[in-house]
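Structure file protein.txt with compact mmCIF, C-alpha atoms:
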# COMPACT_ATOMS: atom_id res chain seq x y z
CA THR A 30 -14.83 18.65 8.67
CA PRO A 31 -16.48 17.26 11.82
CA PRO A 32 -17.61 19.80 14.46
CA ALA A 33 -14.83 18.48 16.71
CA LEU A 34 -11.67 16.49 16.01
CA LEU A 35 -10.11 14.07 18.49
CA GLN A 36 -6.40 13.34 18.61
CA ILE A 37 -4.68 10.60 20.64
CA ASP A 38 -0.91 10.67 20.26
CA GLU A 39 -0.21 7.16 21.56
CA GLY A 40 -0.64 4.28 19.16
CA ALA A 41 -0.82 1.90 22.11
CA LEU A 42 -1.35 2.24 25.85
CA LEU A 43 0.70 -0.43 27.63
CA PHE A 44 0.15 -1.91 31.09
CA SER A 45 2.91 -4.08 32.56
CA ASP A 46 1.03 -4.24 35.88
CA ALA A 47 -2.44 -3.46 37.26
CA GLN A 48 -1.81 0.26 37.75
CA PRO A 49 -3.90 2.78 35.75
CA ARG A 50 -2.29 4.96 33.08
CA ALA A 51 -3.08 8.47 31.91
CA LEU A 52 -4.53 8.93 28.44
CA ARG A 53 -4.60 12.42 26.93
CA VAL A 54 -7.23 13.26 24.34
CA ARG A 55 -6.87 16.57 22.49
CA VAL A 56 -10.12 18.08 21.22
CA GLN A 57 -9.84 20.51 18.30
CA ALA A 58 -12.82 22.65 17.32
CA GLY A 59 -14.07 22.21 13.77
CA ARG A 60 -16.22 25.32 14.12
CA ASP A 61 -16.62 28.36 16.39
CA GLY A 62 -18.30 27.72 19.71
CA ALA A 63 -17.78 23.95 19.83
CA THR A 64 -19.11 22.55 23.10
CA GLY A 65 -19.87 19.02 24.18
CA SER A 66 -18.36 16.09 26.01
CA VAL A 67 -15.90 13.26 25.39
CA ARG A 68 -16.21 9.68 26.59
CA LEU A 69 -14.16 6.56 26.02
CA ASP A 70 -15.59 3.43 24.44
CA LEU A 71 -13.61 0.70 26.23
CA PRO A 72 -13.13 -3.03 25.63
CA ALA A 73 -14.53 -5.46 28.19
CA ASP A 74 -13.01 -5.31 31.69
CA PHE A 75 -11.08 -2.07 31.07
CA SER A 76 -12.38 1.04 32.84
CA ALA A 77 -11.73 4.79 32.79
CA GLU A 78 -12.09 7.75 35.15
CA PRO A 79 -13.91 10.01 34.71
CA ALA A 80 -16.59 8.38 32.56
CA SER A 81 -16.86 11.55 30.43
CA GLN A 82 -15.52 15.10 30.40
CA PRO A 83 -16.99 18.35 29.03
CA PHE A 84 -15.22 20.73 26.67
CA SER A 85 -15.92 24.22 25.42
CA ILE A 86 -13.82 25.83 22.67
CA ASP A 87 -14.55 29.34 21.35
CA LYS A 88 -12.61 29.46 18.09
CA LYS A 89 -12.40 27.04 15.18
CA GLY A 90 -8.97 25.40 15.13
CA ALA A 91 -8.32 25.96 18.84
CA SER A 92 -7.95 22.91 21.07
CA GLN A 93 -8.40 21.64 24.62
CA GLU A 94 -6.69 18.68 26.26
CA LEU A 95 -8.57 16.20 28.44
CA THR A 96 -6.94 13.55 30.60
CA PHE A 97 -8.51 10.20 31.52
CA ARG A 98 -7.20 7.47 33.81
CA VAL A 99 -7.49 4.08 32.12
CA ARG A 100 -7.36 0.99 34.33
CA PRO A 101 -6.62 -2.54 33.01
CA PRO A 102 -8.68 -5.58 34.02
CA ALA A 103 -8.29 -6.53 37.67
CA GLY A 104 -6.51 -9.84 38.19
CA ALA A 105 -5.76 -10.41 34.49
CA ALA A 106 -2.17 -11.11 33.48
CA SER A 107 -2.90 -10.37 29.83
CA ALA A 108 -5.63 -8.58 27.88
CA VAL A 109 -5.77 -6.78 24.53
CA GLY A 110 -8.42 -4.48 23.12
CA THR A 111 -9.09 -1.20 21.34
CA LEU A 112 -10.26 2.04 22.94
CA ARG A 113 -12.14 4.66 20.93
CA ALA A 114 -12.67 8.29 21.95
CA ILE A 115 -16.14 9.66 21.13
CA ALA A 116 -17.24 13.30 21.27
CA ASP A 117 -20.85 14.38 21.55
CA VAL A 118 -21.30 17.85 20.01
CA GLY A 119 -24.88 19.10 20.01
CA GLY A 120 -26.26 15.59 19.68
CA VAL A 121 -23.80 14.66 16.92
CA GLN A 122 -21.33 11.89 17.82
CA VAL A 123 -17.90 12.04 16.19
CA SER A 124 -14.81 9.88 16.60
CA ARG A 125 -12.34 11.20 14.07
CA GLY A 126 -9.02 13.00 14.14
CA LEU A 127 -7.15 14.92 11.45
CA SER A 128 -4.00 13.80 9.64
CA ARG A 129 -2.42 15.69 6.77
CA ILE A 130 0.37 14.43 4.50
CA ASP A 131 2.09 17.42 2.90
CA HIS A 132 5.12 16.89 0.67
CA PRO A 133 6.22 18.95 -2.34
CA HIS A 134 6.22 15.99 -4.75
CA ILE A 135 2.59 14.85 -4.17
CA PRO A 136 -0.81 16.50 -3.69
CA ILE A 137 -1.74 17.25 -0.08
CA GLN A 138 -3.59 14.31 1.44
CA THR A 139 -6.09 15.09 4.24
CA MET A 140 -7.49 12.18 6.23
CA PHE A 141 -9.81 11.76 9.20
CA PRO A 142 -8.61 8.60 11.00
CA VAL A 143 -10.62 7.02 13.80
CA ALA A 144 -9.50 8.29 17.22
CA GLU A 145 -8.55 4.98 18.78
CA VAL A 146 -5.70 3.40 20.68
CA ARG A 147 -4.69 -0.21 21.31
CA LEU A 148 -4.77 -1.31 24.97
CA VAL A 149 -2.36 -4.05 26.00
CA ARG A 150 -2.10 -5.61 29.46
CA MET A 151 0.88 -7.95 29.72
CA ASP A 152 2.70 -9.56 32.59
CA LEU A 153 6.21 -8.37 31.76
CA LYS A 154 9.15 -9.45 33.88
CA LYS A 155 12.18 -7.15 33.79
CA GLY A 156 15.55 -8.36 35.04
CA ARG A 157 17.23 -5.01 34.38
CA THR A 158 15.48 -1.65 34.36
CA ARG A 159 18.06 1.16 34.04
CA ILE A 160 18.50 1.64 30.31
CA GLY A 161 20.55 4.03 28.21
CA TYR A 162 19.05 4.59 24.76
CA ILE A 163 21.07 5.93 21.82
CA PRO A 164 18.43 7.36 19.43
CA GLY A 165 18.25 6.10 15.89
CA ALA A 166 16.37 7.30 12.82
CA GLY A 167 13.03 8.26 14.33
CA ASP A 168 12.00 5.10 16.17
CA ASP A 169 9.67 5.07 19.20
CA VAL A 170 11.26 2.18 21.10
CA ALA A 171 12.50 4.35 23.99
CA ALA A 172 8.98 5.72 24.62
CA ALA A 173 7.52 2.21 24.57
CA LEU A 174 10.12 0.99 27.06
CA ARG A 175 9.24 3.86 29.39
CA GLN A 176 5.56 2.92 29.18
CA VAL A 177 6.25 -0.54 30.59
CA GLY A 178 8.38 0.63 33.48
CA TYR A 179 11.95 0.93 32.23
CA GLU A 180 14.01 3.87 33.46
CA VAL A 181 15.29 5.20 30.12
CA THR A 182 17.98 7.86 29.67
CA LEU A 183 18.38 9.20 26.13
CA LEU A 184 22.03 9.28 25.05
CA ASP A 185 22.00 11.48 21.97
CA GLY A 186 25.27 12.74 20.48
CA GLU A 187 26.00 15.52 22.96
CA THR A 188 24.64 13.67 26.00
CA LEU A 189 26.76 10.62 25.18
CA GLU A 190 29.85 12.82 24.96
CA ARG A 191 29.07 14.54 28.28
CA THR A 192 28.32 11.28 30.10
CA ARG A 193 31.54 10.30 31.84
CA ASP A 194 29.88 7.58 33.91
CA LEU A 195 29.22 5.14 31.08
CA THR A 196 29.31 2.10 33.35
CA PRO A 197 27.14 -0.94 34.12
CA ALA A 198 26.50 0.54 37.56
CA ARG A 199 24.63 3.43 35.94
CA PHE A 200 23.23 1.72 32.83
CA GLN A 201 22.39 -1.95 33.23
CA ALA A 202 21.91 -2.09 29.45
CA ILE A 203 22.33 0.28 26.52
CA VAL A 204 20.04 -0.05 23.51
CA VAL A 205 21.01 1.50 20.17
CA GLY A 206 18.18 2.72 17.94
CA VAL A 207 17.57 1.67 14.35
CA ARG A 208 20.11 2.96 11.83
CA ALA A 209 21.91 4.93 14.53
CA TYR A 210 25.32 3.98 13.13
CA ASN A 211 24.18 5.10 9.66
CA THR A 212 22.88 8.48 10.78
CA ASN A 213 25.11 9.44 13.74
CA PRO A 214 28.77 9.77 12.67
CA ARG A 215 29.76 10.49 16.29
CA LEU A 216 29.17 6.85 17.21
CA ALA A 217 32.46 5.98 15.50
CA GLN A 218 34.24 8.02 18.17
CA HIS A 219 32.48 6.12 20.95
CA HIS A 220 33.09 2.56 19.77
CA SER A 221 35.96 1.92 22.16
CA ARG A 222 33.98 3.43 25.08
CA LEU A 223 31.00 1.23 24.32
CA MET A 224 33.18 -1.88 24.09
CA GLU A 225 34.78 -0.94 27.44
CA TYR A 226 31.27 -0.66 28.85
CA VAL A 227 30.50 -4.19 27.61
CA ALA A 228 33.78 -5.62 28.88
CA ALA A 229 33.04 -4.17 32.32
CA GLY A 230 29.76 -6.11 32.47
CA GLY A 231 27.32 -4.04 30.45
CA ASN A 232 24.80 -5.30 27.92
CA LEU A 233 24.79 -3.46 24.57
CA ILE A 234 21.94 -4.16 22.12
CA ALA A 235 22.24 -2.70 18.61
CA GLN A 236 19.12 -2.69 16.46
CA TYR A 237 19.28 -2.97 12.69
CA ASN A 238 21.58 -0.86 10.52
CA THR A 239 22.07 -0.90 6.79
CA ASN A 240 25.19 -1.43 4.74
CA ASN A 241 24.66 -0.59 1.08
CA ARG A 242 25.64 2.06 -1.47
CA LEU A 243 23.02 4.50 -0.15
CA ALA A 244 23.76 3.97 3.56
CA LYS A 245 27.26 2.60 3.96
CA LEU A 246 28.24 1.32 7.38
CA THR A 247 31.76 2.60 7.98
CA VAL A 248 32.13 2.00 11.73
CA PRO A 249 32.31 -1.26 13.71
CA MET A 250 29.39 -2.06 16.01
CA GLY A 251 30.48 -5.11 17.96
CA PRO A 252 33.64 -6.50 19.57
CA PHE A 253 34.12 -8.94 16.69
CA PRO A 254 33.41 -8.54 12.97
CA PHE A 255 30.13 -9.39 11.26
CA ASP A 256 28.56 -8.42 7.92
CA ILE A 257 25.11 -6.94 7.47
CA SER A 258 23.19 -8.21 4.44
CA GLN A 259 19.96 -7.36 2.69
CA ASP A 260 18.33 -10.44 4.25
CA ARG A 261 14.90 -9.90 5.75
CA VAL A 262 11.72 -11.80 6.55
CA THR A 263 8.65 -9.92 5.37
CA ASP A 264 6.05 -12.53 6.34
CA GLU A 265 5.07 -11.44 9.85
CA THR A 266 3.67 -14.93 10.49
CA ALA A 267 6.88 -16.78 9.53
CA ALA A 268 7.82 -19.51 11.98
CA VAL A 269 10.76 -18.77 14.29
CA THR A 270 12.93 -21.61 15.58
CA PHE A 271 15.33 -21.51 18.50
CA GLU A 272 18.48 -23.48 17.75
CA ARG A 273 18.46 -24.50 21.42
CA ALA A 274 15.22 -24.79 23.38
CA ASP A 275 17.11 -23.98 26.59
CA HIS A 276 18.75 -20.81 25.28
CA PRO A 277 18.64 -18.08 27.97
CA ILE A 278 16.85 -15.55 25.72
CA ALA A 279 13.98 -18.02 25.39
CA LEU A 280 13.66 -18.59 29.13
CA ARG A 281 14.69 -15.62 31.27
CA PRO A 282 13.12 -13.63 32.72
CA ASN A 283 10.13 -14.34 30.44
CA ARG A 284 9.52 -17.87 29.17
CA LEU A 285 8.75 -17.65 25.44
CA THR A 286 6.49 -19.98 23.47
CA ASP A 287 5.47 -20.17 19.82
CA ALA A 288 2.40 -18.11 20.72
CA ASP A 289 4.62 -15.12 21.49
CA TRP A 290 5.46 -14.79 17.79
CA ALA A 291 1.80 -14.18 16.94
CA GLY A 292 0.41 -10.73 16.21
CA TRP A 293 3.60 -9.20 14.81
CA VAL A 294 2.98 -6.37 12.32
CA GLN A 295 4.31 -5.71 8.82
CA GLU A 296 7.41 -7.93 9.02
CA ARG A 297 9.59 -10.08 11.24
CA GLY A 298 12.80 -8.20 10.60
CA LEU A 299 15.31 -6.77 8.15
CA TYR A 300 19.01 -6.31 7.47
CA PHE A 301 20.06 -9.51 9.16
CA ALA A 302 23.70 -10.50 9.46
CA ASP A 303 24.88 -13.11 6.97
CA LYS A 304 28.53 -13.59 7.95
CA TRP A 305 29.96 -13.38 11.45
CA ASP A 306 32.91 -14.26 13.62
CA ALA A 307 32.77 -17.69 15.24
CA ARG A 308 32.54 -16.06 18.67
CA TYR A 309 28.97 -14.96 17.92
CA ASP A 310 26.02 -17.14 18.83
CA ALA A 311 23.07 -17.10 16.40
CA PRO A 312 20.18 -18.48 18.51
CA ILE A 313 17.21 -18.23 16.12
CA SER A 314 16.33 -19.18 12.55
CA LEU A 315 13.47 -17.95 10.35
CA HIS A 316 12.65 -17.43 6.68
CA ASP A 317 10.00 -16.34 4.23
CA PRO A 318 8.07 -19.07 2.35
CA GLY A 319 10.21 -20.72 -0.30
CA GLU A 320 13.47 -19.20 0.96
CA SER A 321 16.41 -20.66 2.83
CA PRO A 322 16.64 -20.28 6.64
CA LYS A 323 18.10 -17.00 7.87
CA ARG A 324 20.11 -17.23 11.11
CA GLY A 325 21.40 -13.67 11.38
CA ALA A 326 18.36 -12.04 13.01
CA ILE A 327 20.07 -12.13 16.43
CA LEU A 328 23.80 -12.34 17.11
CA ILE A 329 25.16 -12.55 20.65
CA ALA A 330 28.79 -12.38 21.75
CA ARG A 331 30.24 -12.41 25.25
CA HIS A 332 32.97 -9.79 25.62
CA GLY A 333 34.73 -9.56 28.95
CA LYS A 334 32.09 -9.59 31.67
CA GLY A 335 29.27 -8.37 29.42
CA ALA A 336 27.53 -9.05 26.11
CA PHE A 337 27.00 -7.42 22.73
CA ILE A 338 23.82 -8.21 20.79
CA TYR A 339 22.91 -7.28 17.22
CA THR A 340 19.31 -7.78 16.13
CA GLY A 341 17.51 -7.13 12.87
CA LEU A 342 14.13 -8.08 14.34
CA ALA A 343 11.66 -5.23 13.82
CA PHE A 344 11.24 -4.14 17.43
CA PHE A 345 10.85 -0.57 16.17
CA ARG A 346 7.53 -1.63 14.61
CA GLN A 347 6.34 -4.11 17.23
CA LEU A 348 6.81 -2.13 20.45
CA PRO A 349 4.86 0.99 19.37
CA ALA A 350 2.13 -1.38 18.11
CA GLY A 351 1.95 -3.06 21.53
CA VAL A 352 2.94 -6.60 20.47
CA PRO A 353 3.42 -8.50 23.78
CA GLY A 354 5.78 -11.15 22.42
CA ALA A 355 8.19 -8.49 21.18
CA PHE A 356 8.30 -6.92 24.65
CA TRP A 357 8.98 -10.27 26.29
CA LEU A 358 11.80 -11.06 23.86
CA LEU A 359 13.43 -7.63 24.12
CA SER A 360 13.20 -7.81 27.92
CA ASN A 361 15.06 -11.12 27.73
CA LEU A 362 17.74 -9.57 25.51
CA ILE A 363 18.12 -6.62 27.89
CA SER A 364 18.47 -9.05 30.80
CA TYR A 365 20.89 -11.41 29.03
CA GLY A 366 24.10 -12.20 30.85
CA PRO A 367 25.30 -13.14 34.30
Output the structure of this file as structure tokens.
Amino acid sequence: TPPALLQIDEGALLFSDAQPRALRVRVQAGRDGATGSVRLDLPADFSAEPASQPFSIDKKGASQELTFRVRPPAGAASAVGTLRAIADVGGVQVSRGLSRIDHPHIPIQTMFPVAEVRLVRMDLKKGRTRIGYIPGAGDDVAAALRQVGYEVTLLDGETLERTRDLTPARFQAIVVGVRAYNTNPRLAQHHSRLMEYVAAGGNLIAQYNTNNRLAKLTVPMGPFPFDISQDRVTDETAAVTFERADHPIALRPNRLTDADWAGWVQERGLYFADKWDARYDAPISLHDPGESPKRGAILIARHGKGAFIYTGLAFFRQLPAGVPGAFWLLSNLISYGP
């Protein structure tokens, strides 16, 4: 075990403007009487205040939290890099944290990952900023949206029931987390309320849900029927084609290009729709090598004054990883409509 362990909770630190952001580094003593200092190794043009900070921890296992202010490059609309935290303990430099995987069916796995975080500066335009977020099965999308300047209100089961003012005036958009309809049976009771919200001019975006023998989807999600399949695109570099180059989600408020599909992690998306009512628009097409085109990654339907959107794109992976193109596209979905 190193003489000190460094833990950074954020996987990515996101900058949608030139303002600095706070980064918390937790130092845990690997031995009694651990003293030293912590500094940040920064990519070019990023800076931090202070340059270093001292720590002093009496007991092994105890910890101390240090806060730095990280500033993105001045005048740059976009920049990406990796920050690493480094501790100097008695002349020994360490840059490792501690992660333990402990489940009853496998041996305990103890790892010492590098204490680093991805830094992403992106020029993100936001047409709508007041967001309601219905939590899904453990995704970090709401936290990522907060990082880039969205005003996010969590609408868990009880909060959603207590919220009488479920209107576009309060929530310019509502985003539903991954597998929320699979894991939250109360959403069935709120379907009519959510559709009334859309009809009144709201924008409701539902991320992927499953519909199979292990996780059966028993409640409707949208204003019109559609079926969820097992279709997915696992090649994160698969080409994505807009059926119409002038489609609003490709243009407003962020103009998307092919370059914005670069850098995605692990996959493009999963549990796409494969059958849908004719009132849905399916604006994009993509597929894994050797497979037929899949058009159910995004469905959009106007309902009353607002819009319902279903998407199987893996925003729940891309946003915590700081993928700029995913932020630009989701911002466009949030802003879709009149």
Nearest-residue call for A:Arg157, choices A:Ala202, A:Leu34, A:Ala217, A:Ala302, using all atoms listed in the file: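 Selected residue with least distance to A:Arg157: A:Ala202.
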Which residues, written as a list in words, have at least one atom at most 12 Å from A:Arg215, with only C-alpha atoms counted and residues fewer than 4 positions away on the same chain left out?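 Result of the neighbour search: Ile163, Leu184, Asp185, Gly186, Glu187, Thr188, Leu189, Glu190, Ala209, Tyr210, Asn211, His219, His220, Thr247 and Val248 of chain A.
Here atom CA of A:Pro312 is placed at a distance of 28.0 Å from atom CA of A:Gly167.
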Could you write out as AutoDock Vina command-line options the box around stretch 85-104 of chain A (axis-aligned, all atoms listed in the file, 3 Å on each side), with centre and edge lengths in Å to one decimal?
--center_x -11.2 --center_y 9.8 --center_z 26.7 --size_x 15.4 --size_y 45.3 --size_z 29.1
Proximity to A:Ile278 - best of A:Ala235, A:Leu358, A:Val123, A:Ala77, only C-alpha atoms: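 Residue with the minimum atom-to-atom distance to A:Ile278: A:Leu358.
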Show me a table, sorted first by chain and then by increasing residue number, of the residues of stretch 202-315 of chain A having an atom at most 7 Å from stretch 321-337 of chain A, each with its shortest atom pair and the distance in Å to one decimal, counting all atoms listed in the file and written as a tab-separated table.
residue	atom	partner	partner_atom	distance
A:Val227	CA	A:Gly335	CA	4.7
A:Ala228	CA	A:Gly333	CA	4.1
A:Ala229	CA	A:Lys334	CA	5.5
A:Gly230	CA	A:Gly335	CA	3.8
A:Gly231	CA	A:Gly335	CA	4.9
A:Asn232	CA	A:Ala336	CA	5.0
A:Leu233	CA	A:Phe337	CA	4.9
A:Ile234	CA	A:Phe337	CA	6.1
A:Gly251	CA	A:Phe337	CA	6.3
A:Pro252	CA	A:His332	CA	6.9
A:Phe301	CA	A:Gly325	CA	4.9
A:Ala302	CA	A:Gly325	CA	4.4
A:Asp303	CA	A:Gly325	CA	5.6
A:Arg308	CA	A:Ala330	CA	6.1
A:Tyr309	CA	A:Ala330	CA	4.6
A:Asp310	CA	A:Ile329	CA	5.0
A:Ala311	CA	A:Leu328	CA	4.9
A:Pro312	CA	A:Ile327	CA	6.7
A:Ile313	CA	A:Arg324	CA	5.9
A:Ser314	CA	A:Arg324	CA	4.5
A:Leu315	CA	A:Lys323	CA	5.3
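The interatomic distance for the pair atom CA of A:Gln347 and atom CA of A:Gln57 works out to 29.5 Å.
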Of the listed residues A:Asn361, A:Ser66, A:Gln218, A:Gln122, that which approaches A:Pro31 most closely, counting only C-alpha atoms: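 Among the listed residues, A:Gln122 lies closest to A:Pro31.
Among the candidates A:Val118, A:Gly351, A:His134, A:Leu362, the residue lying nearest to A:Ala172 is A:Gly351 (atoms considered: only C-alpha atoms).
In this comparison, which uses all atoms listed in the file, the residue of A:Glu296, A:Asp287, A:Asp275, A:Glu39 approaching A:Leu148 most closely is A:Glu39.
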Using only C-alpha atoms, which of the listed residues (A:Phe356, A:Phe200, A:Tyr300, A:Tyr339) sits closest to A:Leu43?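 Of A:Phe356, A:Phe200, A:Tyr300, A:Tyr339, the one nearest A:Leu43, counting only C-alpha atoms, is A:Phe356.
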Spatial neighbours of A:Arg281, 10 Å, all atoms listed in the file, chain gap at least 2 places, as an MDAnalysis selection string: chainID A and resid 154:156 275:279 283:285 357:358 360:362 364:365
Please check which residues have atoms at most 10 Å from (-4.3, 17.1, 16.8) in the file's coordinates, counting only C-alpha atoms, and write them as a PDB file with C-alpha atoms, keeping the file's coordinate frame.
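That gives us selection37.pdb:
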ATOM      1  CA  LEU A  34     -11.670  16.490  16.010  1.00  0.00           C
ATOM      2  CA  LEU A  35     -10.110  14.070  18.490  1.00  0.00           C
ATOM      3  CA  GLN A  36      -6.400  13.340  18.610  1.00  0.00           C
ATOM      4  CA  ILE A  37      -4.680  10.600  20.640  1.00  0.00           C
ATOM      5  CA  ASP A  38      -0.910  10.670  20.260  1.00  0.00           C
ATOM      6  CA  VAL A  54      -7.230  13.260  24.340  1.00  0.00           C
ATOM      7  CA  ARG A  55      -6.870  16.570  22.490  1.00  0.00           C
ATOM      8  CA  VAL A  56     -10.120  18.080  21.220  1.00  0.00           C
ATOM      9  CA  GLN A  57      -9.840  20.510  18.300  1.00  0.00           C
ATOM     10  CA  GLY A  90      -8.970  25.400  15.130  1.00  0.00           C
ATOM     11  CA  ALA A  91      -8.320  25.960  18.840  1.00  0.00           C
ATOM     12  CA  SER A  92      -7.950  22.910  21.070  1.00  0.00           C
ATOM     13  CA  GLN A  93      -8.400  21.640  24.620  1.00  0.00           C
ATOM     14  CA  GLU A  94      -6.690  18.680  26.260  1.00  0.00           C
ATOM     15  CA  GLY A 126      -9.020  13.000  14.140  1.00  0.00           C
ATOM     16  CA  LEU A 127      -7.150  14.920  11.450  1.00  0.00           C
ATOM     17  CA  SER A 128      -4.000  13.800   9.640  1.00  0.00           C
TER      18      SER A 128
END
Using atom CA of A:Pro79 and atom CA of A:Glu180 as the two end points, give the distance in Å to one decimal. 28.6 Å
Counting all atoms listed in the file, find residues at most 9 Å from (-0.5, 2.4, 27.7) (file frame) and give them as a list in words.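 Here is the list of nearby residues: Glu39, Gly40, Ala41, Leu42, Leu43, Phe44, Ser45, Pro49, Arg50, Ala51, Leu52, Val99, Val146, Arg147, Leu148, Val149, Arg150, Ala173, Gln176, Val177 and Gly351 of chain A.
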Which residues come within 9 Å of stretch 254-267 of chain A, counting all atoms listed in the file, excluding same-chain residues fewer than 4 positions away, as a PyMOL selection string? chain A and resi 237-241+246+249-250+290-306+309+315-318+323+325-326+341-342
